[in-house]
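File shown: final_29.pdb. Contents: PDB, C-alpha atoms, pLDDT in the B column.
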```pdb
MODEL        1
ATOM      1  CA  MET A  19     -29.892   7.082  17.983  1.00 63.00           C
ATOM      2  CA  SER A  20     -28.818  10.717  18.112  1.00 76.00           C
ATOM      3  CA  LEU A  21     -25.357  11.880  17.125  1.00 75.00           C
ATOM      4  CA  GLN A  22     -24.709  12.829  20.756  1.00 84.00           C
ATOM      5  CA  ALA A  23     -25.610   9.269  21.829  1.00 84.00           C
ATOM      6  CA  TYR A  24     -23.137   7.940  19.259  1.00 78.00           C
ATOM      7  CA  HIS A  25     -20.459  10.277  20.636  1.00 86.00           C
ATOM      8  CA  ASP A  26     -21.216   9.219  24.213  1.00 89.00           C
ATOM      9  CA  ASN A  27     -20.986   5.537  23.246  1.00 91.00           C
ATOM     10  CA  ILE A  28     -17.720   6.132  21.401  1.00 92.00           C
ATOM     11  CA  THR A  29     -16.226   7.818  24.465  1.00 92.00           C
ATOM     12  CA  ALA A  30     -17.432   5.003  26.729  1.00 93.00           C
ATOM     13  CA  LYS A  31     -16.018   2.323  24.404  1.00 92.00           C
ATOM     14  CA  THR A  32     -12.664   3.950  23.604  1.00 93.00           C
ATOM     15  CA  GLY A  33     -12.004   6.225  26.558  1.00 94.00           C
ATOM     16  CA  LYS A  34     -11.489   9.025  24.051  1.00 93.00           C
ATOM     17  CA  THR A  35     -13.814  11.800  22.990  1.00 90.00           C
ATOM     18  CA  PRO A  36     -14.584  12.205  19.298  1.00 90.00           C
ATOM     19  CA  GLU A  37     -12.427  15.340  19.318  1.00 90.00           C
ATOM     20  CA  GLU A  38      -9.495  13.332  20.707  1.00 92.00           C
ATOM     21  CA  LEU A  39      -9.988  10.647  18.042  1.00 92.00           C
ATOM     22  CA  ILE A  40     -10.024  13.302  15.345  1.00 90.00           C
ATOM     23  CA  GLU A  41      -6.809  14.788  16.708  1.00 91.00           C
ATOM     24  CA  LEU A  42      -5.219  11.317  16.712  1.00 93.00           C
ATOM     25  CA  ALA A  43      -6.349  10.863  13.104  1.00 92.00           C
ATOM     26  CA  ARG A  44      -4.751  14.213  12.291  1.00 90.00           C
ATOM     27  CA  GLN A  45      -1.472  13.127  13.947  1.00 93.00           C
ATOM     28  CA  ASN A  46      -1.573   9.955  11.827  1.00 92.00           C
ATOM     29  CA  GLY A  47      -2.063  11.930   8.614  1.00 91.00           C
ATOM     30  CA  LEU A  48      -5.614  10.732   8.167  1.00 91.00           C
ATOM     31  CA  VAL A  49      -7.358  14.129   8.089  1.00 88.00           C
ATOM     32  CA  ALA A  50      -6.970  14.948   4.413  1.00 86.00           C
ATOM     33  CA  PRO A  51      -9.412  15.179   1.495  1.00 85.00           C
ATOM     34  CA  ASP A  52      -7.831  12.217  -0.299  1.00 88.00           C
ATOM     35  CA  VAL A  53      -8.151   9.762   2.629  1.00 90.00           C
ATOM     36  CA  LYS A  54     -10.968   7.330   1.849  1.00 93.00           C
ATOM     37  CA  PRO A  55     -13.641   6.586   4.461  1.00 93.00           C
ATOM     38  CA  LYS A  56     -12.806   2.863   4.352  1.00 95.00           C
ATOM     39  CA  VAL A  57      -9.244   3.656   5.495  1.00 94.00           C
ATOM     40  CA  LEU A  58     -10.584   5.666   8.434  1.00 93.00           C
ATOM     41  CA  ILE A  59     -13.143   2.973   9.323  1.00 94.00           C
ATOM     42  CA  ALA A  60     -10.425   0.303   9.282  1.00 95.00           C
ATOM     43  CA  TRP A  61      -8.125   2.454  11.459  1.00 95.00           C
ATOM     44  CA  LEU A  62     -10.879   3.209  13.993  1.00 95.00           C
ATOM     45  CA  GLY A  63     -11.831  -0.470  14.103  1.00 95.00           C
ATOM     46  CA  GLU A  64      -8.298  -1.812  14.486  1.00 95.00           C
ATOM     47  CA  GLU A  65      -7.006   0.822  16.904  1.00 94.00           C
ATOM     48  CA  TYR A  66     -10.131   1.524  18.973  1.00 94.00           C
ATOM     49  CA  GLY A  67     -12.535  -1.372  18.375  1.00 95.00           C
ATOM     50  CA  LEU A  68     -15.236   0.772  16.819  1.00 93.00           C
ATOM     51  CA  GLY A  69     -17.884  -0.866  14.665  1.00 93.00           C
ATOM     52  CA  HIS A  70     -18.962   0.526  11.335  1.00 93.00           C
ATOM     53  CA  GLY A  71     -21.756   2.820  12.630  1.00 91.00           C
ATOM     54  CA  HIS A  72     -19.697   4.413  15.381  1.00 92.00           C
ATOM     55  CA  ALA A  73     -16.699   4.747  13.073  1.00 93.00           C
ATOM     56  CA  MET A  74     -18.864   6.478  10.459  1.00 92.00           C
ATOM     57  CA  ALA A  75     -19.911   9.090  13.034  1.00 90.00           C
ATOM     58  CA  ILE A  76     -16.222   9.952  13.474  1.00 91.00           C
ATOM     59  CA  VAL A  77     -15.507   9.706   9.737  1.00 91.00           C
ATOM     60  CA  ALA A  78     -18.223  12.270   9.025  1.00 89.00           C
ATOM     61  CA  GLU A  79     -16.571  14.729  11.401  1.00 86.00           C
ATOM     62  CA  ILE A  80     -13.120  14.040   9.958  1.00 86.00           C
ATOM     63  CA  LYS A  81     -14.366  14.585   6.403  1.00 85.00           C
ATOM     64  CA  LYS A  82     -15.902  17.937   7.393  1.00 82.00           C
ATOM     65  CA  GLN A  83     -12.560  19.059   8.767  1.00 78.00           C
ATOM     66  CA  ALA A  84     -10.623  17.700   5.797  1.00 75.00           C
ATOM     67  CA  ALA A  85     -12.780  19.440   3.224  1.00 72.00           C
ATOM     68  CA  PRO A  86     -11.260  22.557   1.746  1.00 75.00           C
ATOM     69  CA  GLU A  87     -12.878  25.785   2.934  1.00 77.00           C
ATOM     70  CA  VAL A  88     -15.213  27.153   0.274  1.00 81.00           C
ATOM     71  CA  SER A  89     -15.643  30.920   0.070  1.00 88.00           C
ATOM     72  CA  VAL A  90     -19.031  32.632  -0.159  1.00 90.00           C
ATOM     73  CA  ASP A  91     -18.157  33.702  -3.708  1.00 92.00           C
ATOM     74  CA  GLU A  92     -17.426  30.096  -4.706  1.00 93.00           C
ATOM     75  CA  LYS A  93     -20.723  28.970  -3.165  1.00 93.00           C
ATOM     76  CA  VAL A  94     -22.568  31.687  -5.096  1.00 96.00           C
ATOM     77  CA  ASP A  95     -20.768  30.694  -8.314  1.00 96.00           C
ATOM     78  CA  ARG A  96     -22.087  27.122  -7.963  1.00 94.00           C
ATOM     79  CA  HIS A  97     -25.630  28.443  -8.393  1.00 97.00           C
ATOM     80  CA  PHE A  98     -24.702  29.760 -11.846  1.00 97.00           C
ATOM     81  CA  ALA A  99     -22.930  26.721 -13.270  1.00 95.00           C
ATOM     82  CA  GLY A 100     -23.712  25.348 -16.699  1.00 96.00           C
ATOM     83  CA  LYS A 101     -27.039  26.351 -18.258  1.00 96.00           C
ATOM     84  CA  LYS A 102     -27.728  28.736 -15.366  1.00 97.00           C
ATOM     85  CA  SER A 103     -24.744  30.970 -16.188  1.00 97.00           C
ATOM     86  CA  GLY A 104     -26.817  33.360 -18.284  1.00 97.00           C
ATOM     87  CA  TRP A 105     -28.664  34.519 -15.165  1.00 98.00           C
ATOM     88  CA  ARG A 106     -25.573  35.754 -13.332  1.00 97.00           C
ATOM     89  CA  SER A 107     -25.905  39.338 -14.580  1.00 97.00           C
ATOM     90  CA  VAL A 108     -29.530  39.508 -13.364  1.00 97.00           C
ATOM     91  CA  TYR A 109     -28.457  38.212  -9.964  1.00 98.00           C
ATOM     92  CA  ASP A 110     -25.563  40.689  -9.794  1.00 97.00           C
ATOM     93  CA  ARG A 111     -27.934  43.575 -10.572  1.00 97.00           C
ATOM     94  CA  LEU A 112     -30.358  42.329  -7.921  1.00 97.00           C
ATOM     95  CA  VAL A 113     -27.665  42.011  -5.252  1.00 97.00           C
ATOM     96  CA  GLY A 114     -26.192  45.341  -6.297  1.00 97.00           C
ATOM     97  CA  HIS A 115     -29.541  46.965  -5.562  1.00 97.00           C
ATOM     98  CA  VAL A 116     -29.833  45.120  -2.243  1.00 97.00           C
ATOM     99  CA  SER A 117     -26.441  46.478  -1.185  1.00 97.00           C
ATOM    100  CA  THR A 118     -27.765  50.044  -1.617  1.00 97.00           C
ATOM    101  CA  LEU A 119     -30.529  49.355   0.918  1.00 97.00           C
ATOM    102  CA  GLY A 120     -28.130  49.262   3.849  1.00 95.00           C
ATOM    103  CA  SER A 121     -24.699  48.244   5.051  1.00 96.00           C
ATOM    104  CA  ASP A 122     -26.322  45.428   7.026  1.00 97.00           C
ATOM    105  CA  THR A 123     -27.120  43.315   3.946  1.00 97.00           C
ATOM    106  CA  ASP A 124     -25.402  40.124   2.865  1.00 96.00           C
ATOM    107  CA  VAL A 125     -25.914  36.967   0.855  1.00 96.00           C
ATOM    108  CA  ALA A 126     -25.936  33.543   2.501  1.00 96.00           C
ATOM    109  CA  PRO A 127     -25.634  30.814  -0.132  1.00 96.00           C
ATOM    110  CA  GLY A 128     -27.365  27.533   0.597  1.00 93.00           C
ATOM    111  CA  ALA A 129     -27.510  24.323  -1.394  1.00 90.00           C
ATOM    112  CA  SER A 130     -30.613  25.216  -3.428  1.00 94.00           C
ATOM    113  CA  TYR A 131     -31.028  28.971  -3.071  1.00 96.00           C
ATOM    114  CA  LEU A 132     -29.297  32.184  -2.039  1.00 98.00           C
ATOM    115  CA  SER A 133     -30.652  34.032   0.987  1.00 97.00           C
ATOM    116  CA  LEU A 134     -30.688  37.817   0.977  1.00 98.00           C
ATOM    117  CA  ARG A 135     -30.357  39.008   4.554  1.00 98.00           C
ATOM    118  CA  LYS A 136     -30.602  42.149   6.621  1.00 98.00           C
ATOM    119  CA  ALA A 137     -28.569  41.983   9.851  1.00 96.00           C
ATOM    120  CA  GLY A 138     -28.519  38.184   9.517  1.00 95.00           C
ATOM    121  CA  ARG A 139     -32.296  37.876   9.024  1.00 97.00           C
ATOM    122  CA  LYS A 140     -33.617  36.564   5.717  1.00 97.00           C
ATOM    123  CA  PHE A 141     -35.970  38.860   3.807  1.00 98.00           C
ATOM    124  CA  ALA A 142     -35.699  37.311   0.323  1.00 98.00           C
ATOM    125  CA  ILE A 143     -34.299  34.313  -1.524  1.00 98.00           C
ATOM    126  CA  VAL A 144     -33.031  33.776  -5.051  1.00 98.00           C
ATOM    127  CA  GLN A 145     -33.333  30.417  -6.780  1.00 98.00           C
ATOM    128  CA  VAL A 146     -31.823  29.978 -10.241  1.00 98.00           C
ATOM    129  CA  THR A 147     -32.944  27.529 -12.909  1.00 97.00           C
ATOM    130  CA  ALA A 148     -31.866  27.240 -16.533  1.00 96.00           C
ATOM    131  CA  GLU A 149     -35.105  28.973 -17.617  1.00 97.00           C
ATOM    132  CA  ARG A 150     -35.521  31.733 -15.015  1.00 98.00           C
ATOM    133  CA  VAL A 151     -34.665  33.268 -11.664  1.00 98.00           C
ATOM    134  CA  ASP A 152     -37.228  32.957  -8.884  1.00 98.00           C
ATOM    135  CA  LEU A 153     -37.211  35.711  -6.286  1.00 98.00           C
ATOM    136  CA  GLY A 154     -38.917  34.808  -3.035  1.00 98.00           C
ATOM    137  CA  LEU A 155     -39.981  37.645  -0.734  1.00 98.00           C
ATOM    138  CA  LYS A 156     -41.179  37.866   2.856  1.00 98.00           C
ATOM    139  CA  LEU A 157     -44.154  40.211   2.547  1.00 98.00           C
ATOM    140  CA  LYS A 158     -46.575  39.241   5.305  1.00 96.00           C
ATOM    141  CA  GLY A 159     -49.987  40.805   4.918  1.00 96.00           C
ATOM    142  CA  VAL A 160     -49.454  41.752   1.263  1.00 97.00           C
ATOM    143  CA  ALA A 161     -51.992  40.363  -1.194  1.00 97.00           C
ATOM    144  CA  ALA A 162     -50.642  38.397  -4.123  1.00 97.00           C
ATOM    145  CA  ALA A 163     -51.503  40.021  -7.435  1.00 96.00           C
ATOM    146  CA  GLY A 164     -50.214  39.776 -10.987  1.00 96.00           C
ATOM    147  CA  ARG A 165     -46.640  38.594 -11.119  1.00 97.00           C
ATOM    148  CA  LEU A 166     -46.316  38.919  -7.299  1.00 98.00           C
ATOM    149  CA  GLU A 167     -47.571  35.387  -6.697  1.00 98.00           C
ATOM    150  CA  SER A 168     -48.213  33.579  -3.443  1.00 98.00           C
ATOM    151  CA  ALA A 169     -45.204  31.378  -2.686  1.00 97.00           C
ATOM    152  CA  GLY A 170     -47.579  28.515  -1.911  1.00 95.00           C
ATOM    153  CA  THR A 171     -45.660  25.271  -1.598  1.00 95.00           C
ATOM    154  CA  TRP A 172     -42.666  26.554  -3.585  1.00 95.00           C
ATOM    155  CA  ASN A 173     -40.753  27.607  -0.462  1.00 94.00           C
ATOM    156  CA  ALA A 174     -42.060  27.943   3.087  1.00 93.00           C
ATOM    157  CA  MET A 175     -39.360  30.505   3.978  1.00 93.00           C
ATOM    158  CA  VAL A 176     -41.113  33.256   2.008  1.00 97.00           C
ATOM    159  CA  THR A 177     -44.671  34.456   1.393  1.00 98.00           C
ATOM    160  CA  HIS A 178     -44.412  35.520  -2.267  1.00 98.00           C
ATOM    161  CA  ARG A 179     -42.590  34.634  -5.470  1.00 98.00           C
ATOM    162  CA  VAL A 180     -41.748  36.635  -8.573  1.00 98.00           C
ATOM    163  CA  ARG A 181     -40.587  34.700 -11.619  1.00 98.00           C
ATOM    164  CA  ILE A 182     -37.943  36.524 -13.635  1.00 98.00           C
ATOM    165  CA  HIS A 183     -38.040  35.195 -17.215  1.00 98.00           C
ATOM    166  CA  ARG A 184     -35.921  37.894 -18.836  1.00 97.00           C
ATOM    167  CA  PRO A 185     -33.550  40.603 -17.626  1.00 97.00           C
ATOM    168  CA  ASP A 186     -36.176  43.335 -18.167  1.00 96.00           C
ATOM    169  CA  ASP A 187     -38.358  41.685 -15.496  1.00 97.00           C
ATOM    170  CA  LEU A 188     -35.956  43.164 -12.943  1.00 96.00           C
ATOM    171  CA  ASP A 189     -37.813  46.457 -13.051  1.00 97.00           C
ATOM    172  CA  ARG A 190     -38.819  49.248 -10.659  1.00 97.00           C
ATOM    173  CA  GLU A 191     -41.925  47.337  -9.479  1.00 97.00           C
ATOM    174  CA  LEU A 192     -39.892  44.260  -8.528  1.00 97.00           C
ATOM    175  CA  LEU A 193     -37.236  46.363  -6.797  1.00 97.00           C
ATOM    176  CA  ALA A 194     -39.988  48.134  -4.815  1.00 97.00           C
ATOM    177  CA  TRP A 195     -41.238  44.751  -3.545  1.00 98.00           C
ATOM    178  CA  LEU A 196     -37.673  43.871  -2.607  1.00 97.00           C
ATOM    179  CA  GLU A 197     -37.279  47.143  -0.736  1.00 98.00           C
ATOM    180  CA  GLN A 198     -40.590  46.513   1.068  1.00 98.00           C
ATOM    181  CA  ALA A 199     -39.378  43.045   2.182  1.00 98.00           C
ATOM    182  CA  TYR A 200     -36.094  44.569   3.395  1.00 98.00           C
ATOM    183  CA  ALA A 201     -37.929  47.282   5.348  1.00 97.00           C
ATOM    184  CA  ALA A 202     -40.242  44.722   6.980  1.00 96.00           C
ATOM    185  CA  VAL A 203     -37.383  42.811   8.644  1.00 93.00           C
TER
ENDMDL
END
```
With the file now loaded, output its structure as structure tokens.
Amino acid sequence: MSLQAYHDNITAKTGKTPEELIELARQNGLVAPDVKPKVLIAWLGEEYGLGHGHAMAIVAEIKKQAAPEVSVDEKVDRHFAGKKSGWRSVYDRLVGHVSTLGSDTDVAPGASYLSLRKAGRKFAIVQVTAERVDLGLKLKGVAAAGRLESAGTWNAMVTHRVRIHRPDDLDRELLAWLEQAYAAV
């Protein structure tokens, strides 16, 4: 069953849209990070007769709204936690170079990698491990050679990968590939 079907069923059963239920939860002080899902499920069941599955659809929306807003910088910082922290300076140099390519560049952090974008369109990704930084590039029509590897099954969002094992690997050749990916978007 799709989420929309759940929402339609909830509205039919309760006479209230999910948005109205969320607002009622807010008025009852239930939209807060410390409110446990079981409390919300019990409230939705007692007040509106919702079963566990339908209540969970509303709980998921409530939890999204109750979560504190996380800044882009905080999301980026999460990629450099613990044993990955040593790679932050390499990343900062890389992003510093990207920012010189144009005022239309930005970083969009995801759960497993950081997207480098031009006018909202991804041209490269950065994935950090404890051992290295992987730079994925969109370079359609460019043959893989040497350290400019085919991305293969590593990540379908890019065509090539460069493994950065030490800070010196962020050299003029790598930056040229990055510039080429930026220009191709």
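What the PyMOL selection byres ((chain A and resi 84) around 9) picks from this file is A:Leu48, A:Val49, A:Ala50, A:Pro51, A:Asp52, A:Val53, A:Glu79, A:Ile80, A:Lys81, A:Lys82, A:Gln83, A:Ala85, A:Pro86, A:Glu87.
Distance check against Pro185 (chain A) using only C-alpha atoms: of A:Trp172, A:Tyr131, A:Tyr200, A:Trp105, the minimum falls on A:Trp105.
Coordinates place CA of Ala163 (chain A) at a distance of 28.1 Å from CA of Asp124 (chain A).
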Fill in: Distance query Tyr109 (chain A) at most 9 Å, all atoms listed in the file, self and fewer than 4 positions along chain excluded, as a list in words
Trp105, Val113, Gly114, Val144, Val146 and Val151 of chain A
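Between Thr32 (chain A) and the residues A:Arg44, A:Lys56, A:Lys156, A:His72, the shortest atom-to-atom distance, using all atoms listed in the file, involves A:His72.
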Worksheet item: So which residues touch Glu197 (chain A) within 12 Å, counting only C-alpha atoms, skipping near sequence neighbours fewer than 6 positions away, as a list in words?
Response: Leu112, Val113, His115, Val116, Ser117, Thr118, Leu119, Gly120, Thr123, Leu134, Arg135, Lys136, Phe141, Ala142, Leu155, Lys156, Leu157, Arg190, Glu191 and Val203 of chain A
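Selecting by distance to (-40.4, 27.4, 3.9) with a limit of 12 Å and using only C-alpha atoms, one obtains A:Tyr131, A:Lys140, A:Ala142, A:Ile143, A:Gly154, A:Leu155, A:Lys156, A:Ala169, A:Gly170, A:Thr171, A:Trp172, A:Asn173, A:Ala174, A:Met175, A:Val176, A:Thr177, A:His178.
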Could you list the residues chosen by the PyMOL selection byres ((chain A and resi 59) around 12) in this structure as an mmCIF file with C-alpha atoms, keeping the file's coordinate frame?
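Writing the result to result25.cif gives the following:
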```
data_model
loop_
_atom_site.group_PDB
_atom_site.id
_atom_site.type_symbol
_atom_site.label_atom_id
_atom_site.label_comp_id
_atom_site.auth_asym_id
_atom_site.auth_seq_id
_atom_site.Cartn_x
_atom_site.Cartn_y
_atom_site.Cartn_z
ATOM 1 C CA ALA A 43 -6.349 10.863 13.104
ATOM 2 C CA LEU A 48 -5.614 10.732 8.167
ATOM 3 C CA VAL A 53 -8.151 9.762 2.629
ATOM 4 C CA LYS A 54 -10.968 7.330 1.849
ATOM 5 C CA PRO A 55 -13.641 6.586 4.461
ATOM 6 C CA LYS A 56 -12.806 2.863 4.352
ATOM 7 C CA VAL A 57 -9.244 3.656 5.495
ATOM 8 C CA LEU A 58 -10.584 5.666 8.434
ATOM 9 C CA ALA A 60 -10.425 0.303 9.282
ATOM 10 C CA TRP A 61 -8.125 2.454 11.459
ATOM 11 C CA LEU A 62 -10.879 3.209 13.993
ATOM 12 C CA GLY A 63 -11.831 -0.470 14.103
ATOM 13 C CA GLU A 64 -8.298 -1.812 14.486
ATOM 14 C CA GLU A 65 -7.006 0.822 16.904
ATOM 15 C CA TYR A 66 -10.131 1.524 18.973
ATOM 16 C CA GLY A 67 -12.535 -1.372 18.375
ATOM 17 C CA LEU A 68 -15.236 0.772 16.819
ATOM 18 C CA GLY A 69 -17.884 -0.866 14.665
ATOM 19 C CA HIS A 70 -18.962 0.526 11.335
ATOM 20 C CA GLY A 71 -21.756 2.820 12.630
ATOM 21 C CA HIS A 72 -19.697 4.413 15.381
ATOM 22 C CA ALA A 73 -16.699 4.747 13.073
ATOM 23 C CA MET A 74 -18.864 6.478 10.459
ATOM 24 C CA ALA A 75 -19.911 9.090 13.034
ATOM 25 C CA ILE A 76 -16.222 9.952 13.474
ATOM 26 C CA VAL A 77 -15.507 9.706 9.737
ATOM 27 C CA ALA A 78 -18.223 12.270 9.025
ATOM 28 C CA ILE A 80 -13.120 14.040 9.958
#
```
Starting from the incomplete input, reconstruct N, CA and C atoms of region 39-66 of chain A and report them as a short mmCIF file (atom, residue, chain, number, x, y, z; two decimals), in the coordinates of the input.
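Generated file (result_21.cif):
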```
data_model
loop_
_atom_site.label_atom_id
_atom_site.label_comp_id
_atom_site.auth_asym_id
_atom_site.auth_seq_id
_atom_site.Cartn_x
_atom_site.Cartn_y
_atom_site.Cartn_z
N LEU A 39 -10.20 11.59 19.15
CA LEU A 39 -9.99 10.65 18.04
C LEU A 39 -9.65 11.39 16.75
N ILE A 40 -10.30 12.51 16.54
CA ILE A 40 -10.02 13.30 15.34
C ILE A 40 -8.60 13.84 15.40
N GLU A 41 -8.18 14.29 16.57
CA GLU A 41 -6.81 14.79 16.71
C GLU A 41 -5.81 13.65 16.48
N LEU A 42 -6.10 12.46 16.97
CA LEU A 42 -5.22 11.32 16.71
C LEU A 42 -5.18 10.98 15.22
N ALA A 43 -6.32 11.08 14.56
CA ALA A 43 -6.35 10.86 13.10
C ALA A 43 -5.49 11.90 12.40
N ARG A 44 -5.57 13.14 12.87
CA ARG A 44 -4.75 14.21 12.29
C ARG A 44 -3.26 13.89 12.46
N GLN A 45 -2.87 13.46 13.67
CA GLN A 45 -1.47 13.13 13.95
C GLN A 45 -0.99 11.97 13.09
N ASN A 46 -1.92 11.10 12.68
CA ASN A 46 -1.57 9.96 11.83
C ASN A 46 -1.72 10.26 10.34
N GLY A 47 -1.95 11.53 10.01
CA GLY A 47 -2.06 11.93 8.61
C GLY A 47 -3.34 11.49 7.93
N LEU A 48 -4.37 11.24 8.73
CA LEU A 48 -5.61 10.73 8.17
C LEU A 48 -6.69 11.80 7.96
N VAL A 49 -6.40 13.04 8.32
CA VAL A 49 -7.36 14.13 8.09
C VAL A 49 -6.90 14.88 6.85
N ALA A 50 -7.33 14.38 5.70
CA ALA A 50 -6.97 14.95 4.41
C ALA A 50 -8.07 14.58 3.42
N PRO A 51 -8.33 15.44 2.44
CA PRO A 51 -9.41 15.18 1.50
C PRO A 51 -9.27 13.87 0.73
N ASP A 52 -8.03 13.42 0.51
CA ASP A 52 -7.83 12.22 -0.30
C ASP A 52 -7.90 10.91 0.50
N VAL A 53 -8.06 10.98 1.82
CA VAL A 53 -8.15 9.76 2.63
C VAL A 53 -9.56 9.21 2.51
N LYS A 54 -9.67 7.97 2.08
CA LYS A 54 -10.97 7.33 1.85
C LYS A 54 -11.61 6.93 3.18
N PRO A 55 -12.94 7.00 3.24
CA PRO A 55 -13.64 6.59 4.46
C PRO A 55 -13.29 5.17 4.91
N LYS A 56 -13.11 4.25 3.96
CA LYS A 56 -12.81 2.86 4.35
C LYS A 56 -11.48 2.77 5.11
N VAL A 57 -10.53 3.64 4.78
CA VAL A 57 -9.24 3.66 5.50
C VAL A 57 -9.47 4.12 6.93
N LEU A 58 -10.27 5.16 7.10
CA LEU A 58 -10.58 5.67 8.43
C LEU A 58 -11.36 4.65 9.25
N ILE A 59 -12.34 4.00 8.63
CA ILE A 59 -13.14 2.97 9.32
C ILE A 59 -12.25 1.83 9.80
N ALA A 60 -11.34 1.38 8.91
CA ALA A 60 -10.42 0.30 9.28
C ALA A 60 -9.53 0.74 10.44
N TRP A 61 -8.99 1.93 10.39
CA TRP A 61 -8.12 2.45 11.46
C TRP A 61 -8.88 2.53 12.77
N LEU A 62 -10.09 3.09 12.76
CA LEU A 62 -10.88 3.21 13.99
C LEU A 62 -11.27 1.84 14.55
N GLY A 63 -11.49 0.88 13.66
CA GLY A 63 -11.83 -0.47 14.10
C GLY A 63 -10.64 -1.19 14.70
N GLU A 64 -9.50 -1.12 14.02
CA GLU A 64 -8.30 -1.81 14.49
C GLU A 64 -7.72 -1.19 15.75
N GLU A 65 -7.64 0.14 15.78
CA GLU A 65 -7.01 0.82 16.90
C GLU A 65 -7.92 1.00 18.12
N TYR A 66 -9.23 1.16 17.87
CA TYR A 66 -10.13 1.52 18.97
C TYR A 66 -11.35 0.63 19.10
#
```
